[in-house]
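Raw final_14.cif, mmCIF, C-alpha atoms:
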data_query
loop_
_atom_site.label_atom_id
_atom_site.label_comp_id
_atom_site.auth_asym_id
_atom_site.auth_seq_id
_atom_site.Cartn_x
_atom_site.Cartn_y
_atom_site.Cartn_z
CA MET A 1491 13.82 -25.74 -19.21
CA LYS A 1492 16.23 -22.97 -18.18
CA PHE A 1493 16.22 -21.32 -14.75
CA SER A 1494 18.25 -18.62 -13.08
CA ILE A 1495 17.86 -18.75 -9.30
CA TYR A 1496 18.93 -16.35 -6.56
CA ARG A 1497 21.38 -18.06 -4.22
CA TYR A 1498 22.60 -16.75 -0.90
CA ASN A 1499 23.83 -18.59 2.13
CA PRO A 1500 24.95 -15.97 4.68
CA GLU A 1501 27.16 -18.55 6.40
CA LYS A 1502 29.18 -19.20 3.23
CA ASP A 1503 28.62 -16.45 0.66
CA ASP A 1504 29.90 -12.88 0.83
CA LYS A 1505 27.06 -11.69 -1.35
CA PRO A 1506 24.09 -13.11 -3.27
CA TYR A 1507 24.56 -14.47 -6.79
CA MET A 1508 22.37 -15.95 -9.54
CA GLN A 1509 22.85 -19.63 -10.38
CA ASP A 1510 21.75 -21.11 -13.72
CA TYR A 1511 20.03 -24.48 -13.91
CA GLU A 1512 18.74 -26.53 -16.79
CA VAL A 1513 16.18 -29.14 -15.94
CA GLU A 1514 14.48 -31.88 -17.96
CA LEU A 1515 10.74 -31.76 -17.32
CA GLN A 1516 8.92 -35.04 -16.84
CA HIS A 1517 5.43 -36.00 -17.86
CA GLY A 1518 3.01 -34.40 -15.41
CA ASP A 1519 5.23 -31.43 -14.46
CA ARG A 1520 2.74 -28.60 -14.83
CA MET A 1521 3.50 -26.05 -12.15
CA LEU A 1522 6.67 -24.12 -11.36
CA LEU A 1523 7.03 -25.94 -8.04
CA ASP A 1524 7.30 -29.28 -9.91
CA ALA A 1525 10.31 -27.91 -11.82
CA ILE A 1526 11.89 -26.43 -8.67
CA LEU A 1527 11.59 -29.80 -6.93
CA ARG A 1528 13.43 -31.40 -9.90
CA ILE A 1529 16.17 -28.79 -9.42
CA LYS A 1530 16.18 -29.48 -5.68
CA ALA A 1531 16.70 -33.20 -6.49
CA MET A 1532 19.78 -32.23 -8.56
CA ASP A 1533 21.11 -29.68 -6.05
CA ASP A 1534 19.87 -30.23 -2.52
CA SER A 1535 21.63 -27.09 -1.24
CA LEU A 1536 18.84 -24.96 -2.76
CA GLY A 1537 16.64 -23.61 0.03
CA LEU A 1538 12.92 -22.94 -0.37
CA ARG A 1539 9.70 -23.31 1.60
CA LYS A 1540 6.81 -25.42 0.38
CA SER A 1541 4.13 -27.50 1.93
CA CYS A 1542 0.67 -28.14 0.50
CA ARG A 1543 1.77 -27.67 -3.15
CA GLU A 1544 -1.74 -26.54 -4.13
CA GLY A 1545 -1.97 -22.85 -3.23
CA VAL A 1546 -3.52 -23.28 0.20
CA CYS A 1547 -0.66 -22.97 2.68
CA GLY A 1548 1.00 -19.92 1.12
CA SER A 1549 4.54 -21.15 1.83
CA ASP A 1550 6.15 -20.94 -1.60
CA GLY A 1551 5.66 -17.26 -2.36
CA MET A 1552 8.56 -16.01 -4.48
CA ASN A 1553 9.43 -13.50 -7.16
CA ILE A 1554 8.92 -15.23 -10.52
CA ASN A 1555 10.23 -13.35 -13.58
CA GLY A 1556 9.88 -10.09 -11.65
CA ARG A 1557 6.39 -10.78 -10.32
CA ASN A 1558 5.41 -12.22 -6.94
CA GLY A 1559 3.43 -15.44 -6.97
CA LEU A 1560 3.03 -18.91 -5.53
CA ALA A 1561 5.27 -21.40 -7.35
CA CYS A 1562 2.79 -24.25 -6.83
CA ILE A 1563 -0.02 -22.59 -8.78
CA THR A 1564 2.07 -20.86 -11.46
CA PRO A 1565 1.80 -22.89 -14.70
CA LEU A 1566 5.17 -23.59 -16.35
CA LYS A 1567 3.77 -23.05 -19.84
CA ASP A 1568 3.15 -19.34 -19.14
CA LEU A 1569 6.76 -18.63 -18.10
CA LYS A 1570 9.37 -17.03 -20.32
CA GLU A 1571 12.81 -18.66 -20.24
CA PRO A 1572 15.13 -18.43 -18.48
CA VAL A 1573 12.78 -18.31 -15.51
CA ILE A 1574 14.29 -15.90 -13.00
CA LEU A 1575 13.48 -16.81 -9.40
CA ARG A 1576 14.22 -14.48 -6.51
CA PRO A 1577 13.05 -14.36 -2.89
CA LEU A 1578 10.10 -12.09 -2.06
CA PRO A 1579 11.44 -8.52 -2.25
CA GLY A 1580 11.79 -6.28 0.79
CA LEU A 1581 12.15 -8.94 3.47
CA PRO A 1582 15.49 -10.11 4.91
CA VAL A 1583 16.79 -13.27 3.20
CA ILE A 1584 17.49 -16.20 5.49
CA ARG A 1585 18.79 -18.43 2.69
CA ASP A 1586 18.19 -18.61 -1.08
CA LEU A 1587 14.43 -18.29 -1.61
CA ILE A 1588 13.59 -18.32 2.11
CA VAL A 1589 12.78 -14.94 3.65
CA ASP A 1590 12.28 -13.85 7.24
CA MET A 1591 8.54 -13.19 7.57
CA SER A 1592 8.69 -11.90 11.20
CA GLN A 1593 7.94 -8.31 10.24
CA PHE A 1594 5.04 -9.40 8.05
CA PHE A 1595 3.46 -11.45 10.84
CA LYS A 1596 4.13 -8.74 13.40
CA GLN A 1597 1.97 -6.40 11.33
CA TYR A 1598 -0.63 -9.15 10.92
CA HIS A 1599 -0.83 -9.64 14.69
CA SER A 1600 -1.03 -5.87 15.26
CA ILE A 1601 -4.54 -5.75 13.73
CA LYS A 1602 -5.87 -8.38 16.21
CA PRO A 1603 -6.80 -11.00 13.63
CA TYR A 1604 -9.49 -12.64 15.74
CA LEU A 1605 -13.10 -12.02 16.66
CA VAL A 1606 -13.55 -9.65 19.61
CA ASN A 1607 -16.94 -10.06 21.25
CA ASP A 1608 -17.39 -9.88 25.01
CA ASN A 1609 -21.04 -10.95 25.00
CA PRO A 1610 -21.65 -14.46 26.34
CA PRO A 1611 -21.72 -16.85 23.40
CA PRO A 1612 -25.17 -18.18 22.52
CA GLN A 1613 -25.85 -21.88 22.95
CA LYS A 1614 -25.13 -22.83 19.34
CA GLU A 1615 -23.32 -20.12 17.40
CA ARG A 1616 -23.25 -16.40 16.65
CA LEU A 1617 -25.50 -16.05 13.64
CA GLN A 1618 -25.10 -13.75 10.64
CA SER A 1619 -27.55 -12.94 7.89
CA PRO A 1620 -26.56 -14.27 4.45
CA GLU A 1621 -26.07 -10.64 3.30
CA ASP A 1622 -23.72 -9.88 6.20
CA ARG A 1623 -21.81 -13.09 5.50
CA GLU A 1624 -21.53 -12.11 1.83
CA GLU A 1625 -19.32 -9.14 2.77
CA LEU A 1626 -16.65 -11.52 4.11
CA ASN A 1627 -16.19 -13.16 0.71
CA GLY A 1628 -12.96 -12.02 -0.88
CA LEU A 1629 -11.49 -11.35 2.57
CA TYR A 1630 -11.31 -14.61 4.51
CA GLU A 1631 -9.64 -16.53 1.62
CA CYS A 1632 -6.24 -14.88 2.19
CA VAL A 1633 -3.49 -17.47 2.83
CA LEU A 1634 -0.93 -14.92 4.14
CA CYS A 1635 1.66 -15.78 1.49
CA ALA A 1636 2.96 -12.16 1.62
CA CYS A 1637 3.02 -11.81 -2.19
CA CYS A 1638 0.98 -8.60 -1.94
CA SER A 1639 2.76 -6.89 0.95
CA THR A 1640 6.19 -7.60 -0.54
CA SER A 1641 5.17 -6.11 -3.89
CA CYS A 1642 4.05 -2.89 -2.20
CA PRO A 1643 6.63 -0.06 -2.26
CA SER A 1644 5.04 1.51 0.83
CA PHE A 1645 5.70 -1.76 2.69
CA TRP A 1646 9.29 -1.81 1.38
CA TRP A 1647 9.96 1.71 2.70
CA ASN A 1648 8.13 1.37 6.05
CA PRO A 1649 7.67 -2.31 6.92
CA ASP A 1650 7.86 -1.47 10.63
CA LYS A 1651 5.11 1.16 10.49
CA PHE A 1652 2.88 0.46 7.50
CA VAL A 1653 0.54 -2.48 8.16
CA GLY A 1654 0.70 -3.64 4.53
CA PRO A 1655 -2.02 -4.89 2.19
CA ALA A 1656 -2.28 -8.46 3.55
CA ALA A 1657 -2.86 -7.40 7.15
CA LEU A 1658 -5.12 -4.51 6.09
CA LEU A 1659 -7.27 -6.98 4.15
CA GLN A 1660 -7.55 -8.99 7.37
CA ALA A 1661 -8.23 -5.81 9.36
CA TYR A 1662 -11.20 -5.14 7.11
CA ARG A 1663 -12.27 -8.78 7.39
CA PHE A 1664 -12.91 -8.16 11.12
CA ILE A 1665 -14.24 -4.61 10.69
CA ALA A 1666 -16.77 -6.04 8.21
CA ASP A 1667 -17.73 -8.95 10.48
CA THR A 1668 -21.09 -8.16 12.14
CA ARG A 1669 -20.22 -10.57 14.97
CA ASP A 1670 -17.24 -8.42 15.98
CA ASP A 1671 -17.75 -5.73 18.61
CA ALA A 1672 -14.45 -3.88 18.39
CA THR A 1673 -14.99 -1.92 15.16
CA SER A 1674 -14.26 1.43 16.73
CA GLU A 1675 -11.05 0.24 18.40
CA ARG A 1676 -9.98 -1.35 15.13
CA LEU A 1677 -10.52 1.94 13.26
CA ASP A 1678 -8.68 3.84 16.02
CA ASN A 1679 -5.79 1.41 15.67
CA LEU A 1680 -5.47 2.17 11.96
CA GLU A 1681 -6.19 5.90 11.87
CA ASP A 1682 -2.61 6.86 11.50
CA PRO A 1683 -0.58 8.45 8.70
CA TYR A 1684 1.72 5.42 8.68
CA ARG A 1685 -0.35 2.38 9.58
CA LEU A 1686 -3.10 2.78 6.98
CA PHE A 1687 -2.46 5.94 5.01
CA ARG A 1688 0.89 4.91 3.52
CA CYS A 1689 -1.31 3.15 0.95
CA HIS A 1690 -1.32 5.32 -2.17
CA THR A 1691 -3.65 2.98 -4.07
CA ILE A 1692 -1.15 1.82 -6.70
CA MET A 1693 -2.83 -1.62 -6.62
CA ASN A 1694 0.30 -3.80 -6.92
CA CYS A 1695 -1.32 -5.94 -4.22
CA ALA A 1696 -4.48 -6.67 -6.19
CA ASP A 1697 -2.38 -7.23 -9.30
CA VAL A 1698 -0.20 -10.00 -7.81
CA CYS A 1699 -2.56 -11.75 -5.36
CA PRO A 1700 -2.41 -15.47 -6.27
CA LYS A 1701 -5.88 -15.94 -4.78
CA GLY A 1702 -7.37 -13.11 -6.86
CA LEU A 1703 -8.23 -10.99 -3.81
CA ASN A 1704 -8.30 -7.21 -3.77
CA PRO A 1705 -6.63 -5.61 -0.71
CA THR A 1706 -6.86 -2.15 -2.30
CA GLU A 1707 -10.65 -2.40 -2.29
CA ALA A 1708 -10.63 -3.49 1.37
CA ILE A 1709 -8.35 -0.55 2.25
CA GLY A 1710 -10.80 1.77 0.45
CA LYS A 1711 -13.62 0.35 2.54
CA ILE A 1712 -11.70 0.92 5.78
CA LYS A 1713 -11.21 4.57 4.75
CA GLU A 1714 -14.90 4.77 3.92
CA GLN A 1715 -15.81 3.52 7.42
CA MET A 1716 -13.48 6.12 8.94
CA VAL A 1717 -15.05 8.93 6.94
CA LYS A 1718 -18.53 7.69 7.91
CA ARG A 1719 -17.49 7.67 11.56
CA MET A 1720 -16.08 11.18 11.37
CA VAL A 1721 -18.75 12.98 9.33
CA MET B 624 16.03 7.24 25.11
CA VAL B 625 14.83 3.79 24.14
CA ASN B 626 14.44 3.08 20.48
CA ARG B 627 10.79 2.15 20.00
CA ILE B 628 8.68 2.20 16.86
CA VAL B 629 5.93 4.68 17.62
CA VAL B 630 2.82 5.07 15.51
CA GLY B 631 -0.68 6.32 16.21
CA ALA B 632 -0.67 10.03 15.33
CA HIS B 633 -4.38 10.38 14.64
CA TYR B 634 -4.25 12.72 11.67
CA GLY B 635 -4.14 10.18 8.83
CA LEU B 636 -7.77 10.47 7.83
CA ARG B 637 -7.89 14.26 8.10
CA ASP B 638 -4.96 14.72 5.71
CA TRP B 639 -6.21 12.06 3.34
CA LEU B 640 -9.57 13.83 3.11
CA LEU B 641 -7.86 17.21 2.76
CA GLN B 642 -5.87 15.91 -0.20
CA ARG B 643 -9.03 14.66 -1.92
CA ILE B 644 -11.13 17.76 -1.26
CA SER B 645 -8.36 20.11 -2.37
CA ALA B 646 -8.00 18.03 -5.55
CA ILE B 647 -11.72 18.49 -6.28
CA VAL B 648 -11.47 22.26 -5.72
CA MET B 649 -8.50 22.47 -8.09
CA ALA B 650 -10.25 20.34 -10.72
CA LEU B 651 -13.41 22.49 -10.56
CA TYR B 652 -11.43 25.72 -10.77
CA SER B 653 -9.35 24.45 -13.70
CA VAL B 654 -12.40 23.33 -15.67
CA ALA B 655 -14.30 26.56 -14.94
CA PHE B 656 -11.22 28.61 -15.85
CA LEU B 657 -10.82 26.83 -19.17
CA LEU B 658 -14.54 27.02 -19.97
CA CYS B 659 -14.54 30.76 -19.23
CA PHE B 660 -11.46 31.68 -21.17
CA LEU B 661 -10.92 29.19 -24.01
CA PRO B 662 -13.86 30.49 -26.10
CA ARG B 663 -12.72 34.08 -25.59
CA LEU B 664 -9.06 33.69 -26.55
CA PRO B 665 -6.94 35.65 -27.31
CA LEU B 666 -7.62 37.90 -24.36
CA ASN B 667 -6.08 41.31 -24.00
CA PHE B 668 -4.61 42.76 -20.81
CA GLU B 669 -7.81 44.60 -19.81
CA GLU B 670 -9.88 41.42 -19.94
CA TRP B 671 -7.36 39.46 -17.83
CA HIS B 672 -7.18 42.35 -15.41
CA ALA B 673 -10.96 42.57 -15.15
CA TRP B 674 -11.24 38.85 -14.24
CA PHE B 675 -8.65 39.01 -11.48
CA ALA B 676 -9.91 42.36 -10.22
CA HIS B 677 -13.44 41.01 -9.80
CA PRO B 678 -14.04 39.67 -6.23
CA VAL B 679 -15.36 36.33 -7.57
CA GLY B 680 -12.23 35.77 -9.67
CA LYS B 681 -10.04 36.86 -6.80
CA ILE B 682 -11.61 34.60 -4.20
CA ALA B 683 -11.86 31.62 -6.57
CA THR B 684 -8.19 32.00 -7.47
CA LEU B 685 -7.21 32.33 -3.83
CA LEU B 686 -9.22 29.21 -2.96
CA PHE B 687 -7.41 27.40 -5.79
CA MET B 688 -4.03 28.58 -4.52
CA LEU B 689 -4.77 27.51 -0.94
CA SER B 690 -5.99 24.10 -2.18
CA LEU B 691 -2.83 23.75 -4.23
CA LEU B 692 -0.62 24.55 -1.24
CA LEU B 693 -2.49 22.20 1.14
CA HIS B 694 -2.44 19.47 -1.50
CA ALA B 695 1.27 20.03 -2.02
CA TRP B 696 1.87 19.86 1.74
CA VAL B 697 0.22 16.44 2.12
CA GLY B 698 1.99 15.14 -0.99
CA VAL B 699 5.44 16.42 -0.08
CA ARG B 700 5.09 15.16 3.51
CA ASP B 701 4.12 11.74 2.11
CA ILE B 702 7.32 11.69 0.08
CA PHE B 703 9.39 12.62 3.15
CA MET B 704 7.66 9.93 5.24
CA ASP B 705 8.44 7.32 2.60
CA TYR B 706 12.02 8.20 1.79
CA ILE B 707 13.62 10.33 4.54
CA LYS B 708 14.35 8.06 7.49
CA PRO B 709 16.45 10.15 9.95
CA PHE B 710 14.00 11.91 12.26
CA GLY B 711 15.96 15.18 12.53
CA LEU B 712 16.34 15.56 8.80
CA ARG B 713 12.67 14.73 8.15
CA PHE B 714 11.51 17.20 10.78
CA SER B 715 13.75 19.99 9.42
CA LEU B 716 12.62 19.38 5.85
CA GLN B 717 8.97 19.44 6.91
CA VAL B 718 9.40 22.74 8.76
CA LEU B 719 11.22 24.15 5.73
CA VAL B 720 8.40 23.10 3.40
CA ILE B 721 5.74 24.57 5.74
CA LEU B 722 7.58 27.91 5.81
CA LEU B 723 8.03 27.86 2.05
CA LEU B 724 4.34 27.10 1.47
CA LEU B 725 3.36 29.90 3.89
CA VAL B 726 5.53 32.31 1.92
CA TYR B 727 3.81 31.16 -1.28
CA ALA B 728 0.39 31.68 0.34
CA LEU B 729 1.24 35.23 1.42
CA TRP B 730 2.79 35.90 -1.95
CA ALA B 731 -0.40 34.73 -3.70
CA VAL B 732 -2.50 37.02 -1.50
CA ALA B 733 -0.16 39.94 -2.14
CA LEU B 734 -0.31 39.34 -5.90
CA LEU B 735 -4.07 38.95 -6.07
CA TRP B 736 -4.78 41.99 -3.94
CA SER B 737 -2.34 44.18 -5.82
CA ILE B 738 -4.59 43.97 -8.87
#
Can I see the file as structure tokens?
Amino acid sequence: MKFSIYRYNPEKDDKPYMQDYEVELQHGDRMLLDAILRIKAMDDSLGLRKSCREGVCGSDGMNINGRNGLACITPLKDLKEPVILRPLPGLPVIRDLIVDMSQFFKQYHSIKPYLVNDNPPPQKERLQSPEDREELNGLYECVLCACCSTSCPSFWWNPDKFVGPAALLQAYRFIADTRDDATSERLDNLEDPYRLFRCHTIMNCADVCPKGLNPTEAIGKIKEQMVKRMV
Amino acid sequence: MVNRIVVGAHYGLRDWLLQRISAIVMALYSVAFLLCFLPRLPLNFEEWHAWFAHPVGKIATLLFMLSLLLHAWVGVRDIFMDYIKPFGLRFSLQVLVILLLLVYALWAVALLWSI
């Protein structure tokens, strides 16, 4: 199978270049990550992140034939050759397919991704009705792979100011949580022309999400809460 | 001055709503305009004149124009926020656009009330 992979080592290379590889697939190689690991065995200078190899850790997000995705859950049979692999767009490249995610996580931390509740915890646990819990489905499953945020032009242009789809999905996860007491502060934190309203609903995020989540819908619900609060 | 990333201007929601409401006004006006005039085409000068001279036509058209200008303001500012990074340039362009849109608004009033 033929591959063309983005290579860049800032210590050695003046500028990035594409390197071609041809790899013999073995029995049982089903996902893109299997093929990349074969390439890595041939050329150990190739840099990439991976860990769980089953779409749970979110480490191996990359741009696959022009579309962001997780290599470990992208079936090889669906890919057109040569498979063009690039790092996630819009983030600084550390080496080859490894990007610097600092900005992404900075935005994630800015939405306070934890439960805020100053009431003394009950003896067992803070309970939710099944209906209230239902609202968190489609939100909590995010693995923070950054595929969505790095496919969002608004995040490319303003990564320092726009929170980005991944973190906004998490923001709504806590706004929607009935056990959280900081809803108003959370809405205040986002009511800004840059932080939330750079989203122009083009839905690249929902289109690429490897977990099938829909950040655009969550962003819509945040706006809905803001309108409800105002009117 | 220290270089800090500052966000938190609390007008995001207001402008977002403004853009949506102005879009609805423009859509309603456009549909009503087409429904009124398509069946009666071709219209002569007197008929056009009568529509714009009538207070309902005048005010509806002015409302449409104001919606258009407000809608344009939010849209153009969005483009500047996305693509124009230097603060001074962005600020100057925004002021320029506001002035231009104000001129258009006055021009629209002048036109409509000259009929």
Residues matched by the PyMOL selection byres ((chain B) within 6 of (chain A)), written as number ranges by chain: B: 631-633, 635, 705
Have a look at CA of Ile1574 (chain A) and CA of Gly1556 (chain A) and let me know their distance in Å, one decimal. 7.4 Å
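CA of Pro1500 (chain A) lies 7.5 Å from CA of Ile1584 (chain A).
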Hey, which bits of region 1568-1608 of chain A sit within 10 Å of region 1626-1635 of chain A, and for each residue what's the closest pair of atoms and how far apart in Å (one decimal), counting all atoms listed in the file, rows by chain and increasing number, as a tab-separated table?
residue	atom	partner	partner_atom	distance
A:Leu1578	CA	A:Cys1635	CA	9.9
A:Met1591	CA	A:Cys1635	CA	9.5
A:Phe1594	CA	A:Leu1634	CA	9.0
A:Phe1595	CA	A:Leu1634	CA	8.7
A:Tyr1598	CA	A:Leu1634	CA	8.9
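Run against this file, the PyMOL selection byres ((chain A and resi 1493) around 8) gives back Met1491, Lys1492, Ser1494, Ile1495, Asp1510, Tyr1511, Glu1512, Val1513, Glu1571, Pro1572, Val1573, Ile1574 and Leu1575 of chain A.
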Shell around Val720 (chain B) at 10 Å using only C-alpha atoms, local window under 4 positions removed, as a PyMOL selection string: chain B and resi 695-696+699-700+714-716+724-726
What is the CA of Phe656 (chain B)-CA of Asp701 (chain B) distance in Å, reported with one decimal? 29.0 Å
Which one is closest to His694 (chain B): B:Leu641, B:Val648, B:Ile682, B:Ile628? Count all atoms listed in the file. B:Leu641
Find the residues near Gln1618 (chain A): any atom within 12 Å, counting all atoms listed in the file, skip ones fewer than 4 places away on the same chain, and give them as a PyMOL selection string. chain A and resi 1622-1626+1666-1670
Could the residues in this selection be saved with C-alpha atoms as a PDB file, in the coordinates of the input?
ATOM      1  CA  ASP A1622     -23.720  -9.880   6.200  1.00  0.00           C
ATOM      2  CA  ARG A1623     -21.810 -13.090   5.500  1.00  0.00           C
ATOM      3  CA  GLU A1624     -21.530 -12.110   1.830  1.00  0.00           C
ATOM      4  CA  GLU A1625     -19.320  -9.140   2.770  1.00  0.00           C
ATOM      5  CA  LEU A1626     -16.650 -11.520   4.110  1.00  0.00           C
ATOM      6  CA  ALA A1666     -16.770  -6.040   8.210  1.00  0.00           C
ATOM      7  CA  ASP A1667     -17.730  -8.950  10.480  1.00  0.00           C
ATOM      8  CA  THR A1668     -21.090  -8.160  12.140  1.00  0.00           C
ATOM      9  CA  ARG A1669     -20.220 -10.570  14.970  1.00  0.00           C
ATOM     10  CA  ASP A1670     -17.240  -8.420  15.980  1.00  0.00           C
TER      11      ASP A1670
END
Might I get the box with edges along x, y and z of the file that holds all atoms of region 1496-1500 of chain A listed there, padded by 4 Å on every side, given as centre and edge lengths in Å to one decimal, as AutoDock Vina command-line options?
--center_x 21.9 --center_y -17.3 --center_z -0.9 --size_x 14.0 --size_y 10.6 --size_z 19.2
What lies within 12 Å of region 674-678 of chain B using only C-alpha atoms, ignoring chain neighbours under 6 positions off, as a ChimeraX atom specification? /B:656,659-660,666-668,684-686,732,734-738
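Selection by the PyMOL selection byres ((chain A and resi 1599) around 12) on the present file picks out Ser1592, Gln1593, Phe1594, Phe1595, Lys1596, Gln1597, Tyr1598, Ser1600, Ile1601, Lys1602, Pro1603, Tyr1604, Leu1634, Val1653, Gly1654, Ala1656, Ala1657, Leu1658, Gln1660 and Ala1661 of chain A.
Within 10 Å of the file-frame point (16.5, -16.9, -2.3), and using only C-alpha atoms, the polymer residues found are Ile1495, Tyr1496, Arg1497, Tyr1498, Asn1499, Pro1506, Tyr1507, Met1508, Leu1536, Gly1537, Leu1538, Met1552, Asn1553, Leu1575, Arg1576, Pro1577, Leu1578, Pro1579, Pro1582, Val1583, Ile1584, Arg1585, Asp1586, Leu1587, Ile1588 and Val1589 of chain A.
If all atoms listed in the file are the atoms counted, then among B:Leu722, B:Leu657, B:Val625, B:Gln717 the closest residue to Ile702 (chain B) is B:Gln717.
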Would you kindly return, as a ChimeraX atom specification, each protein, DNA or RNA residue with an atom no farther than 6 Å from any atom of Ser1549 (chain A), considering all atoms listed in the file and excluding same-chain residues fewer than 2 positions away? /A:1539-1540,1547,1551
Keeping only C-alpha atoms, take the residues you just selected and write them out as a compact mmCIF listing (two decimals), keeping the file's coordinate frame.
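Below is the file that was written, again.txt:
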# COMPACT_ATOMS: atom_id res chain seq x y z
CA ARG A 1539 9.70 -23.31 1.60
CA LYS A 1540 6.81 -25.42 0.38
CA CYS A 1547 -0.66 -22.97 2.68
CA GLY A 1551 5.66 -17.26 -2.36
